[in-house]
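Next comes input25.csv, a file with CSV, C-alpha atoms and all ligand atoms.
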```
chain,number,residue,atom,x,y,z
A,35,MET,CA,3.0,-15.6,9.6
A,36,ASP,CA,0.1,-17.7,8.3
A,37,ASP,CA,-1.8,-15.0,6.3
A,38,LEU,CA,-1.2,-11.3,5.6
A,39,ILE,CA,-4.6,-9.6,5.8
A,40,SER,CA,-4.2,-6.4,7.8
A,41,ILE,CA,-1.2,-4.5,9.0
A,42,ARG,CA,-2.9,-4.7,12.5
A,43,ASP,CA,-2.1,-8.4,12.6
A,44,LEU,CA,1.7,-7.7,12.5
A,45,LYS,CA,3.9,-7.0,15.4
A,46,ARG,CA,6.9,-4.7,15.1
A,47,GLU,CA,9.3,-7.6,14.9
A,48,ASP,CA,7.3,-9.2,12.0
A,49,VAL,CA,7.6,-5.9,10.1
A,50,GLU,CA,11.4,-5.7,10.9
A,51,LEU,CA,11.9,-9.2,9.7
A,52,ILE,CA,10.2,-8.4,6.3
A,53,LEU,CA,12.2,-5.2,5.9
A,54,ASN,CA,15.5,-7.0,6.7
A,55,THR,CA,14.6,-9.8,4.3
A,56,ALA,CA,13.8,-7.3,1.6
A,57,ASP,CA,17.3,-5.9,2.1
A,58,GLU,CA,18.7,-9.3,1.4
A,59,MET,CA,16.5,-9.8,-1.6
A,60,GLU,CA,17.6,-6.4,-3.0
A,61,ILE,CA,21.2,-7.5,-2.7
A,62,ALA,CA,20.5,-10.8,-4.3
A,63,LEU,CA,18.6,-9.1,-7.2
A,64,ARG,CA,21.5,-6.8,-7.8
A,65,SER,CA,24.1,-9.6,-7.7
A,66,GLY,CA,21.9,-11.9,-9.8
A,67,LYS,CA,22.5,-14.7,-7.2
A,68,ILE,CA,18.9,-15.3,-6.2
A,69,ASN,CA,17.9,-18.4,-4.1
A,70,THR,CA,15.2,-19.9,-6.4
A,71,GLU,CA,13.5,-21.4,-3.3
A,72,MET,CA,10.0,-21.3,-4.8
A,73,ARG,CA,10.9,-23.7,-7.6
A,74,GLY,CA,7.9,-26.0,-8.1
A,75,ARG,CA,5.6,-23.8,-6.1
A,76,VAL,CA,2.6,-21.8,-7.6
A,77,LEU,CA,1.2,-18.4,-6.6
A,78,ALA,CA,-2.4,-17.7,-7.6
A,79,ASN,CA,-3.0,-14.0,-8.3
A,80,LEU,CA,-6.7,-13.4,-7.9
A,81,PHE,CA,-7.4,-9.7,-8.8
A,82,PHE,CA,-11.1,-8.8,-8.8
A,83,GLU,CA,-10.1,-5.1,-9.2
A,84,PRO,CA,-7.7,-3.4,-11.6
A,85,SER,CA,-4.0,-3.3,-10.8
A,86,THR,CA,-0.7,-2.7,-12.5
A,87,ARG,CA,1.9,-2.4,-9.7
A,88,THR,CA,0.7,-4.9,-7.1
A,89,ARG,CA,-0.2,-7.6,-9.5
A,90,PHE,CA,2.9,-7.4,-11.7
A,91,SER,CA,5.3,-7.0,-8.7
A,92,PHE,CA,3.9,-10.1,-7.0
A,93,GLU,CA,4.2,-11.9,-10.3
A,94,THR,CA,7.8,-10.7,-10.8
A,95,ALA,CA,8.7,-11.5,-7.2
A,96,MET,CA,7.4,-15.1,-7.5
A,97,LEU,CA,9.1,-15.7,-10.9
A,98,LYS,CA,12.4,-14.3,-9.5
A,99,LEU,CA,12.2,-16.8,-6.7
A,100,GLY,CA,11.9,-19.6,-9.2
A,101,GLY,CA,8.1,-20.2,-8.8
A,102,SER,CA,5.2,-20.0,-11.2
A,103,VAL,CA,2.1,-17.8,-11.2
A,104,ILE,CA,-1.6,-18.5,-12.2
A,105,GLY,CA,-4.4,-15.9,-12.5
A,106,PHE,CA,-7.1,-14.5,-14.7
A,107,ASP,CA,-7.0,-11.4,-16.8
A,108,ASP,CA,-10.6,-10.6,-16.3
A,109,PRO,CA,-12.7,-11.7,-13.2
A,110,LYS,CA,-15.7,-11.9,-15.5
A,111,ILE,CA,-14.3,-15.1,-17.0
A,112,THR,CA,-14.3,-16.9,-13.7
A,113,SER,CA,-17.2,-19.1,-12.5
A,114,ILE,CA,-18.2,-16.4,-10.1
A,115,GLU,CA,-20.0,-15.0,-13.1
A,116,LYS,CA,-22.1,-18.1,-13.1
A,117,GLY,CA,-23.0,-17.6,-9.5
A,118,GLU,CA,-20.2,-19.4,-7.6
A,119,THR,CA,-19.4,-17.9,-4.2
A,120,LEU,CA,-16.0,-16.5,-3.4
A,121,SER,CA,-15.6,-19.2,-0.7
A,122,ASP,CA,-16.1,-22.0,-3.2
A,123,THR,CA,-13.7,-20.2,-5.6
A,124,ILE,CA,-11.0,-20.1,-2.9
A,125,LYS,CA,-11.6,-23.7,-1.9
A,126,THR,CA,-11.1,-24.6,-5.6
A,127,VAL,CA,-8.0,-22.4,-6.3
A,128,GLU,CA,-6.2,-23.5,-3.2
A,129,LYS,CA,-6.0,-27.0,-4.7
A,130,TYR,CA,-4.0,-25.6,-7.6
A,131,CYS,CA,-1.6,-23.4,-5.7
A,132,ASP,CA,0.6,-22.9,-2.7
A,133,LEU,CA,-0.1,-19.2,-2.0
A,134,ILE,CA,-3.1,-17.0,-2.8
A,135,VAL,CA,-2.9,-13.2,-3.4
A,136,ILE,CA,-6.3,-11.5,-3.6
A,137,ARG,CA,-7.5,-8.0,-4.4
A,138,HIS,CA,-11.2,-7.5,-4.0
A,139,PRO,CA,-13.6,-4.5,-3.9
A,140,LYS,CA,-15.4,-5.9,-0.8
A,141,GLU,CA,-13.9,-5.1,2.5
A,142,GLY,CA,-13.2,-8.3,4.4
A,143,ALA,CA,-13.0,-10.6,1.3
A,144,PRO,CA,-9.3,-11.5,1.9
A,145,ARG,CA,-10.2,-12.4,5.6
A,146,LEU,CA,-13.0,-14.6,4.3
A,147,ALA,CA,-10.6,-16.2,1.8
A,148,ALA,CA,-8.1,-16.9,4.6
A,149,SER,CA,-10.8,-18.5,6.8
A,150,VAL,CA,-11.6,-21.1,4.1
A,151,SER,CA,-8.2,-21.6,2.6
A,152,SER,CA,-5.6,-24.1,4.0
A,153,LYS,CA,-3.0,-22.2,1.9
A,154,PRO,CA,-1.6,-18.8,3.0
A,155,VAL,CA,-3.5,-15.7,1.8
A,156,ILE,CA,-2.2,-12.2,1.1
A,157,ASN,CA,-4.4,-9.2,1.0
A,158,ALA,CA,-3.5,-7.1,-2.1
A,159,GLY,CA,-6.2,-4.5,-1.3
A,160,ASP,CA,-9.8,-4.8,-0.1
A,161,GLY,CA,-12.2,-1.9,-0.7
A,162,SER,CA,-11.3,1.1,1.4
A,163,ASN,CA,-10.0,-1.2,4.2
A,164,GLN,CA,-6.4,-2.3,3.9
A,165,HIS,CA,-3.4,-2.6,1.5
A,166,PRO,CA,-0.7,-4.1,3.8
A,167,THR,CA,1.9,-5.0,1.3
A,168,GLN,CA,1.9,-1.5,-0.2
A,169,ALA,CA,2.4,0.0,3.3
A,170,LEU,CA,5.3,-2.4,3.9
A,171,LEU,CA,7.0,-1.4,0.6
A,172,ASP,CA,6.4,2.3,1.5
A,173,LEU,CA,8.0,1.9,4.9
A,174,TYR,CA,10.9,0.2,3.2
A,175,ALA,CA,11.1,3.0,0.6
A,176,ILE,CA,11.1,5.7,3.3
A,177,LYS,CA,13.9,3.9,5.2
A,178,LYS,CA,15.9,3.6,2.0
A,179,LEU,CA,15.4,7.2,0.8
A,180,LYS,CA,15.6,9.0,4.2
A,181,GLY,CA,17.7,6.6,6.2
A,182,LYS,CA,15.2,6.2,9.0
A,183,ILE,CA,11.5,6.4,10.0
A,184,LYS,CA,11.7,7.4,13.7
A,185,ASN,CA,10.9,11.1,14.4
A,186,LEU,CA,10.4,12.0,10.7
A,187,ASN,CA,7.5,14.3,10.0
A,188,ILE,CA,5.5,12.3,7.5
A,189,ALA,CA,2.5,14.0,5.9
A,190,LEU,CA,-0.3,11.9,4.3
A,191,LEU,CA,-2.2,14.0,1.9
A,192,GLY,CA,-5.4,13.3,0.0
A,193,ASP,CA,-8.5,11.2,0.2
A,194,LEU,CA,-7.7,9.6,3.6
A,195,ARG,CA,-11.3,8.5,4.1
A,196,HIS,CA,-11.2,6.0,1.2
A,197,ALA,CA,-7.6,5.2,0.5
A,198,ARG,CA,-6.8,1.7,1.8
A,199,VAL,CA,-3.1,2.3,1.6
A,200,MET,CA,-3.4,5.2,4.0
A,201,LYS,CA,-5.2,3.0,6.5
A,202,SER,CA,-2.4,0.5,6.5
A,203,LEU,CA,0.4,3.2,6.3
A,204,ILE,CA,-0.8,5.3,9.3
A,205,TYR,CA,-0.6,2.2,11.5
A,206,CYS,CA,2.8,1.1,10.2
A,207,LEU,CA,4.4,4.6,10.4
A,208,ALA,CA,3.1,5.1,14.0
A,209,MET,CA,4.5,1.6,14.9
A,210,PHE,CA,7.9,3.0,13.9
A,211,ASP,CA,7.6,6.3,15.8
A,212,ALA,CA,7.1,8.7,12.9
A,213,ASN,CA,5.3,12.0,13.6
A,214,LEU,CA,2.1,11.9,11.5
A,215,ILE,CA,0.5,14.9,9.8
A,216,LEU,CA,-2.8,14.0,8.2
A,217,ILE,CA,-3.9,16.5,5.5
A,218,SER,CA,-7.2,16.1,3.7
A,219,PRO,CA,-10.0,18.2,2.2
A,220,MET,CA,-13.1,18.6,4.4
A,221,GLY,CA,-15.1,15.4,4.3
A,222,LEU,CA,-12.2,13.2,3.3
A,223,GLU,CA,-10.6,12.9,6.7
A,224,ILE,CA,-9.6,9.5,8.0
A,225,GLU,CA,-12.1,8.0,10.4
A,226,LYS,CA,-11.8,9.4,14.0
A,227,GLU,CA,-11.8,5.9,15.4
A,228,MET,CA,-8.8,4.9,13.4
A,229,VAL,CA,-6.8,8.0,14.6
A,230,GLN,CA,-7.8,7.3,18.2
A,231,GLU,CA,-6.8,3.7,17.9
A,232,VAL,CA,-3.4,4.6,16.5
A,233,LYS,CA,-2.8,7.3,19.2
A,234,GLU,CA,-3.7,4.9,22.0
A,235,LYS,CA,-1.8,2.0,20.7
A,236,PHE,CA,1.5,3.8,19.8
A,237,ASN,CA,1.2,6.8,22.0
A,238,ASN,CA,1.8,9.0,19.0
A,239,GLU,CA,0.9,12.7,18.4
A,240,ILE,CA,-1.0,13.1,15.2
A,241,PHE,CA,-1.6,16.5,13.7
A,242,GLN,CA,-4.7,16.8,11.5
A,243,THR,CA,-5.5,19.7,9.2
A,244,ASN,CA,-7.5,20.6,6.1
A,245,ASP,CA,-4.8,23.2,5.2
A,246,ILE,CA,-2.3,21.8,2.8
A,247,TYR,CA,0.2,24.7,3.4
A,248,ALA,CA,0.1,24.2,7.2
A,249,GLY,CA,0.8,20.5,6.9
A,250,LEU,CA,3.4,20.7,4.2
A,251,ARG,CA,5.7,23.2,5.9
A,252,MET,CA,6.8,20.7,8.6
A,253,ALA,CA,7.0,17.6,6.4
A,254,ASP,CA,10.1,15.5,5.7
A,255,VAL,CA,8.0,13.2,3.6
A,256,LEU,CA,4.9,14.0,1.7
A,257,TYR,CA,2.9,10.9,0.8
A,258,VAL,CA,0.0,11.7,-1.6
A,259,CYS,CA,-2.9,9.6,-2.8
A,260,ARG,CA,-5.5,10.2,-5.5
A,261,LEU,CA,-9.2,10.8,-4.9
A,262,GLN,CA,-10.7,7.2,-4.8
A,263,LYS,CA,-13.6,8.0,-7.1
A,264,GLU,CA,-14.7,4.4,-7.3
A,265,ARG,CA,-15.4,4.3,-3.5
A,266,PHE,CA,-18.0,7.1,-3.6
A,267,SER,CA,-21.7,5.9,-3.5
A,268,ASP,CA,-22.6,9.2,-5.2
A,269,PRO,CA,-20.4,10.0,-8.3
A,270,TYR,CA,-21.5,13.7,-8.1
A,271,GLU,CA,-19.8,14.0,-4.7
A,272,ALA,CA,-16.6,12.6,-6.1
A,273,LYS,CA,-16.8,15.1,-9.1
A,274,LYS,CA,-17.2,18.0,-6.7
A,275,LEU,CA,-13.9,17.0,-4.9
A,276,GLU,CA,-11.9,16.3,-8.1
A,277,ASN,CA,-9.7,19.4,-7.8
A,278,ALA,CA,-9.8,19.7,-4.0
A,279,TYR,CA,-6.0,19.2,-3.6
A,280,LYS,CA,-3.0,19.4,-5.9
A,281,VAL,CA,0.8,19.5,-5.3
A,282,THR,CA,2.2,22.3,-7.5
A,283,PRO,CA,5.7,23.9,-7.9
A,284,ASP,CA,4.3,27.0,-6.1
A,285,LEU,CA,3.2,24.9,-3.1
A,286,LEU,CA,6.6,23.3,-2.9
A,287,LYS,CA,8.2,26.8,-2.3
A,288,GLN,CA,6.8,26.3,1.3
A,289,ALA,CA,8.5,22.9,1.7
A,290,LYS,CA,11.7,21.8,3.4
A,291,ASP,CA,14.6,21.6,0.9
A,292,ASP,CA,15.0,17.9,1.4
A,293,LEU,CA,11.3,17.0,1.3
A,294,ILE,CA,10.6,13.8,-0.6
A,295,ILE,CA,7.3,13.1,-2.3
A,296,LEU,CA,5.9,9.6,-2.5
A,297,HIS,CA,2.7,8.3,-4.1
A,298,SER,CA,1.3,4.8,-4.3
A,299,LEU,CA,0.1,5.5,-7.9
A,300,PRO,CA,-1.8,5.5,-10.1
A,301,ARG,CA,-2.1,9.3,-10.0
A,302,LEU,CA,-4.8,11.6,-11.4
A,303,GLY,CA,-4.5,15.4,-11.2
A,304,GLU,CA,-3.2,15.6,-7.6
A,305,LEU,CA,0.5,15.8,-8.7
A,306,ASP,CA,1.3,18.6,-11.1
A,307,ARG,CA,3.5,17.0,-13.8
A,308,ARG,CA,6.0,19.8,-13.5
A,309,ILE,CA,7.2,18.4,-10.1
A,310,ASP,CA,8.2,15.1,-11.8
A,311,ASP,CA,11.6,16.6,-12.6
A,312,THR,CA,12.3,18.2,-9.2
A,313,LYS,CA,14.6,16.6,-6.6
A,314,HIS,CA,11.5,16.1,-4.4
A,315,ALA,CA,9.7,13.6,-6.7
A,316,LYS,CA,10.5,10.0,-5.6
A,317,TYR,CA,7.3,8.2,-6.6
A,318,PHE,CA,8.8,6.4,-9.6
A,319,ASP,CA,11.8,5.4,-7.5
A,320,GLN,CA,9.4,4.1,-4.9
A,321,ILE,CA,8.0,1.5,-7.3
A,322,GLN,CA,11.3,-0.4,-7.6
A,323,PHE,CA,11.0,-1.5,-3.9
A,324,GLY,CA,7.8,-3.5,-4.7
A,325,VAL,CA,9.7,-6.6,-6.0
A,326,PRO,CA,12.2,-7.1,-3.1
A,327,VAL,CA,9.6,-6.4,-0.5
A,328,ARG,CA,7.1,-8.8,-2.0
A,329,MET,CA,9.9,-11.4,-2.5
A,330,ALA,CA,10.5,-11.0,1.3
A,331,ILE,CA,6.8,-11.4,2.1
A,332,ILE,CA,6.6,-14.6,-0.1
A,333,HIS,CA,9.8,-16.0,1.5
A,334,GLN,CA,8.5,-15.4,5.1
A,335,MET,CA,5.0,-16.8,4.4
A,336,MET,CA,6.3,-20.0,2.7
A,337,ARG,CA,8.8,-21.0,5.3
B,401,LIG,N1,-0.2,1.0,-5.6
B,401,LIG,C1,-1.1,0.1,-6.1
B,401,LIG,O1,-1.8,-0.6,-5.4
B,401,LIG,O2,-1.1,0.2,-7.5
B,401,LIG,P1,-2.0,-0.8,-8.4
B,401,LIG,O3,-3.4,-0.5,-8.2
B,401,LIG,O4,-1.5,-0.5,-9.8
B,401,LIG,O5,-1.7,-2.2,-8.0
```

Hey, can you dump this file as structure tokens for me?
Amino acid sequence: MDDLISIRDLKREDVELILNTADEMEIALRSGKINTEMRGRVLANLFFEPSTRTRFSFETAMLKLGGSVIGFDDPKITSIEKGETLSDTIKTVEKYCDLIVIRHPKEGAPRLAASVSSKPVINAGDGSNQHPTQALLDLYAIKKLKGKIKNLNIALLGDLRHARVMKSLIYCLAMFDANLILISPMGLEIEKEMVQEVKEKFNNEIFQTNDIYAGLRMADVLYVCRLQKERFSDPYEAKKLENAYKVTPDLLKQAKDDLIILHSLPRLGELDRRIDDTKHAKYFDQIQFGVPVRMAIIHQMMR
């Protein structure tokens, strides 16, 4: 794997290799016997948008593997503020590092970075387009928490139009034969073309609804995302949809007893805090898989 830009670029065997390597990394983390194979190597974390989980878990993953990390705390202090292009920035940073991780508000920015970099590039989220490493860690989390992916009814709930993780996840889950239920308020549905592409490529049935109750009843996994306010061109439109969906204890009375709830986080109001203490809530357990999965990705890309 030269770069990791879109989940579409991966074959099933590539994903399986990452998940199996993540298993090995988890065992190594638990035993404390980690192969510090990245000693002397440098990862550049270029985050042009805010992040807590993705940035720190990439940093932790690289440090655990014995490598070092460079990056900036605020993109406004890079020379892009003086008018330098992203291409020139990448052509510069690649001279200082062995691997580039980039998050950018513009869709396609990581692909552009990869096209000018001689070092591997990982997409840590670009606009509303893709977030492939989050989808890989989510796939791993579901496998760990439910024991399988195949034939599970997995409901994706929320702002499916703008959430990049959902664009990566729908593809990944279909690749592993999950039954997909897409639940979103009117106007926030995932693009028709994407649903069609996934159906044709993986021969999957995909159930789409605007009714959260109808979608939830069948689900083994409920994966929720927040309203992506920052992706709306009209903030008034985002404001109108602020309370359009919410997972509440009352709603969960309709759910299967062994339903698990995941969320890529950060969350806003779409998860009632009262469900945090229920057996269904697994979103804070999900986070722990970020480090072994990103260690596995770094390992595979630096071979
Ligand atoms: N899940 C995720 O991408 O979180 P951050 O924005 O905190 O990186």

(message) Taking 6 positions as the minimum chain separation for residues in the same chain, which residues sit within 6 Å of region 38-44 of chain A when counting only C-alpha atoms? Answer as a PyMOL selection string.
(response) chain A and resi 156-157+166+202

(request) Could the residues that lie within 6 Å of ligand LIG 401 (chain B), counting all atoms listed in the file, be listed as a count of residues only? (result) 8

(message) Excluding region 319-327 of chain A and its own-chain neighbours fewer than 4 positions away, which residues fall within 8 Å of it when counting all atoms listed in the file? Please give them as a VMD selection string.
(response) chain A and resid 52 to 53 55 to 57 59 to 60 63 87 to 88 91 to 92 94 to 95 168 170 to 172 174 to 175 296 to 297 331

(request) Tell me, as a VMD selection string, which residues lie within 7 Å of Thr282 (chain A), counting all atoms listed in the file; anything in the same chain fewer than 2 positions away does not count. (result) chain A and resid 280 284 to 286 305 to 306 309

Output for the residues just chosen: C-alpha atoms as a PDB file, in the frame of the given file:
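In the end it all went to selection.pdb:
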```
ATOM      1  CA  LYS A 280      -3.000  19.400  -5.900  1.00  0.00           C
ATOM      2  CA  ASP A 284       4.300  27.000  -6.100  1.00  0.00           C
ATOM      3  CA  LEU A 285       3.200  24.900  -3.100  1.00  0.00           C
ATOM      4  CA  LEU A 286       6.600  23.300  -2.900  1.00  0.00           C
ATOM      5  CA  LEU A 305       0.500  15.800  -8.700  1.00  0.00           C
ATOM      6  CA  ASP A 306       1.300  18.600 -11.100  1.00  0.00           C
ATOM      7  CA  ILE A 309       7.200  18.400 -10.100  1.00  0.00           C
TER       8      ILE A 309
END
```

(message) Please determine, counting only C-alpha atoms, which residue among A:Arg73, A:Asp37, A:Cys259, A:Ile68 has the shortest atom-to-atom distance to Leu146 (chain A).
(response)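 Closest candidate: A:Asp37.
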
(request) Could you check how far CA of Glu223 (chain A) sits from CA of Met209 (chain A), in Å to one decimal? (result) 20.6 Å

(request) Pick out the residues sitting within 7 Å of region 239-241 of chain A, and hand them over as a count of residues only; count only C-alpha atoms, and ignore anything fewer than 6 positions along from it in its own chain. (result) 5

(message) So, with all atoms listed in the file as the atoms that count, which of A:Ser218, A:Thr167, A:Gln262, A:Gln242 lies closest to Cys206 (chain A)?
(response)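 Checking each of A:Ser218, A:Thr167, A:Gln262, A:Gln242 against Cys206 (chain A), counting all atoms listed in the file, the winner is A:Thr167.
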
(message) If I take CA of Ile224 (chain A) and CA of Met35 (chain A), how far is one from the other in Å, to one decimal?
(response)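 Distance reported for this atom pair: 28.1 Å.
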
(request) Return the single residue from A:Ile114, A:Pro219, A:Leu191, A:Leu275 that is closest to Thr126 (chain A), with distances computed using all atoms listed in the file. (result)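 Result for the nearest residue to Thr126 (chain A): A:Ile114.
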
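In this model, the gap between CA of Thr312 (chain A) and CA of Ala253 (chain A) comes to 16.5 Å.
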